[in-house]
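Asker: Have a peek at entry_31.txt (compact mmCIF, C-alpha atoms).
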```
# COMPACT_ATOMS: atom_id res chain seq x y z
CA MET Z 1 0.00 0.00 0.00
CA ALA Z 2 2.92 2.33 0.62
CA PHE Z 3 3.91 2.10 -3.04
CA LEU Z 4 0.41 3.05 -4.18
CA GLU Z 5 0.42 6.05 -1.84
CA LYS Z 6 3.85 7.04 -3.14
CA ILE Z 7 2.65 7.21 -6.75
CA GLY Z 8 -0.64 8.96 -5.92
CA TRP Z 9 -3.09 6.21 -6.84
CA ARG Z 10 -6.13 8.37 -6.10
CA TYR Z 11 -5.13 10.88 -8.77
CA TRP Z 12 -4.55 8.09 -11.27
CA VAL Z 13 -8.01 6.64 -10.62
CA ILE Z 14 -9.68 10.05 -10.90
CA GLY Z 15 -7.70 10.75 -14.06
CA ILE Z 16 -8.70 7.47 -15.68
CA ILE Z 17 -12.36 7.89 -14.80
CA MET Z 18 -12.61 11.56 -15.82
CA GLY Z 19 -10.07 11.56 -18.64
CA ILE Z 20 -10.78 8.29 -20.42
CA ALA Z 21 -13.99 6.66 -19.17
CA LEU Z 22 -16.21 9.76 -19.13
CA PRO Z 23 -15.30 11.00 -22.66
CA GLY Z 24 -15.66 7.44 -23.96
CA LEU Z 25 -19.06 7.10 -22.34
CA ALA Z 26 -20.16 10.53 -23.60
CA THR Z 27 -19.17 9.53 -27.14
CA LEU Z 28 -20.87 6.13 -26.96
CA VAL Z 29 -24.09 7.53 -25.53
CA GLY Z 30 -24.15 10.20 -28.21
CA ILE Z 31 -24.16 13.37 -26.13
CA SER Z 32 -24.18 16.37 -28.46
CA PRO Z 33 -20.84 18.06 -29.14
CA VAL Z 34 -22.08 21.29 -27.56
CA TRP Z 35 -22.85 19.59 -24.25
CA ARG Z 36 -19.60 17.63 -24.39
CA PHE Z 37 -17.64 20.82 -24.92
CA GLY Z 38 -19.49 23.08 -22.51
CA GLY Z 39 -20.48 20.71 -19.75
CA LEU Z 40 -17.74 18.15 -19.80
CA LEU Z 41 -14.64 19.98 -20.97
CA VAL Z 42 -15.14 23.47 -19.62
CA ILE Z 43 -17.16 23.13 -16.44
CA ILE Z 44 -16.54 19.65 -15.02
CA ASN Z 45 -12.93 19.16 -16.10
CA GLY Z 46 -12.03 22.79 -15.32
CA CYS Z 47 -13.36 22.43 -11.79
CA LEU Z 48 -11.54 19.11 -11.47
CA ALA Z 49 -8.25 20.76 -12.49
CA ILE Z 50 -8.73 23.44 -9.83
CA ALA Z 51 -9.64 20.88 -7.17
CA ILE Z 52 -6.63 18.71 -7.96
CA GLY Z 53 -4.22 21.66 -7.84
CA ARG Z 54 -5.55 22.79 -4.48
CA ALA Z 55 -5.64 19.27 -3.03
CA ILE Z 56 -2.06 18.51 -4.01
CA TYR Z 57 -0.80 21.65 -2.31
CA ARG Z 58 -2.93 21.27 0.82
CA ARG Z 59 -1.79 17.71 1.36
CA THR Z 60 1.85 18.65 0.65
CA GLN Z 61 2.15 16.07 -2.09
CA PRO Z 62 4.75 16.12 -4.88
CA GLY Z 63 4.20 18.79 -7.50
CA TRP Z 64 4.74 16.37 -10.39
CA TRP Z 65 1.35 14.85 -9.54
CA LEU Z 66 -0.13 17.90 -11.27
CA LEU Z 67 0.88 16.21 -14.54
CA ILE Z 68 -1.22 13.07 -13.96
CA TRP Z 69 -4.63 14.53 -14.83
CA PRO Z 70 -3.62 16.42 -18.03
CA ILE Z 71 -1.65 13.47 -19.42
CA ILE Z 72 -4.47 10.99 -18.87
CA TYR Z 73 -6.96 13.50 -20.29
CA LEU Z 74 -4.77 13.85 -23.39
CA LEU Z 75 -4.93 10.09 -23.94
CA GLY Z 76 -8.71 10.16 -23.62
CA ALA Z 77 -8.92 13.11 -26.00
CA LEU Z 78 -6.78 11.30 -28.57
CA TRP Z 79 -9.06 8.25 -28.45
CA PHE Z 80 -12.55 9.70 -28.05
CA LEU Z 81 -12.78 13.43 -28.63
CA PRO Z 82 -12.35 15.75 -31.63
CA ARG Z 83 -8.90 16.97 -32.55
CA TYR Z 84 -9.28 20.49 -31.11
CA THR Z 85 -9.89 19.12 -27.59
CA ARG Z 86 -6.28 17.97 -27.27
CA TYR Z 87 -5.28 21.52 -26.42
CA PHE Z 88 -7.36 21.35 -23.27
CA ALA Z 89 -4.62 19.18 -21.73
CA ILE Z 90 -2.39 22.26 -21.70
CA VAL Z 91 -5.23 24.37 -20.31
CA TYR Z 92 -5.89 21.86 -17.51
CA LEU Z 93 -2.20 21.74 -16.64
CA CYS Z 94 -2.07 25.53 -16.45
CA VAL Z 95 -5.27 25.74 -14.39
CA SER Z 96 -4.03 23.05 -11.96
CA TYR Z 97 -0.69 24.77 -11.58
CA LEU Z 98 -2.40 28.13 -11.11
CA ALA Z 99 -4.68 26.71 -8.40
CA TYR Z 100 -1.63 25.08 -6.79
CA GLY Z 101 0.29 28.37 -6.81
CA LEU Z 102 -2.61 30.53 -5.66
CA THR Z 103 -3.32 28.19 -2.76
CA GLN Z 104 0.34 28.48 -1.80
CA THR Z 105 0.30 32.29 -2.01
CA ARG Z 106 -2.94 32.57 -0.11
CA LYS Z 107 -1.57 30.42 2.71
CA GLU Z 108 1.60 32.54 2.98
CA VAL Z 109 -0.40 35.76 3.19
CA LYS Z 110 -2.45 34.42 6.11
CA SER Z 111 0.65 33.40 8.06
```
Could you render the structure from this file as structure tokens?

Answerer:
Amino acid sequence: MAFLEKIGWRYWVIGIIMGIALPGLATLVGISPVWRFGGLLVIINGCLAIAIGRAIYRRTQPGWWLLIWPIIYLLGALWFLPRYTRYFAIVYLCVSYLAYGLTQTRKEVKS
């Protein structure tokens, strides 16, 4: 179990579910591209990127774990989503890092 904790298994599971399974399911069910873009990519995945960035900082976990979610999302986008959605991996990485950094700055100001 120590090995799984060391590699951040929770972030891998969340990444696989949200980055691969959810886009695959949305494609198979036939959700319209507008809902996939607006609901899934912008709102849900954007909020997930923020939550992951904040959680990693608050739990003092390694910063490289910020890469897990965008990389797994990129794989899901390559397999299930249109070509333009691949760029969201960069957006999610930036949003996660921004949330990570702003949580850090906010904590220092309070101290």

Asker: Of the candidates Z:Val13, Z:Ala21, Z:Ala89, Z:Ala26, which one gets nearest to Gly46 in chain Z if we count only C-alpha atoms?

Answerer: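 Result for the nearest residue to Gly46 in chain Z: Z:Ala89.
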
Asker: Provide the CA of Tyr11 in chain Z to CA of Ile68 in chain Z distance in Å, to one decimal place.

Answerer: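 Calculated distance between CA of Tyr11 in chain Z and CA of Ile68 in chain Z is 6.9 Å.
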
Asker: Counting only C-alpha atoms, which residues come within 12 Å of (-0.8, 14.5, -18.9), with the point read in the file's coordinates, and could you list them as number ranges by chain?

Answerer: Z: 11-12, 15-16, 19-20, 49, 64-78, 86-94, 96

Asker: Measuring atom to atom with all atoms listed in the file, identify which of Z:Pro33, Z:Pro23, Z:Tyr97, Z:Met1 is nearest to Ile56 in chain Z.

Answerer: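 Nearest to Ile56 in chain Z: Z:Tyr97.
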
Asker: Tell me which of Z:Leu28, Z:Met18, Z:Ile43, Z:Leu102 sits closest to Arg58 in chain Z, counting all atoms listed in the file.

Answerer: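 Closest candidate: Z:Leu102.
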
Asker: Counting all atoms listed in the file, which of Z:Phe3, Z:Tyr84, Z:Trp35, Z:Tyr100 gets nearest to Pro62 in chain Z?

Answerer: Z:Tyr100

Asker: For Gly8 in chain Z, which residue among Z:Ile52, Z:Val34, Z:Ala99, Z:Val42 is the nearest when counting only C-alpha atoms?

Answerer: Z:Ile52
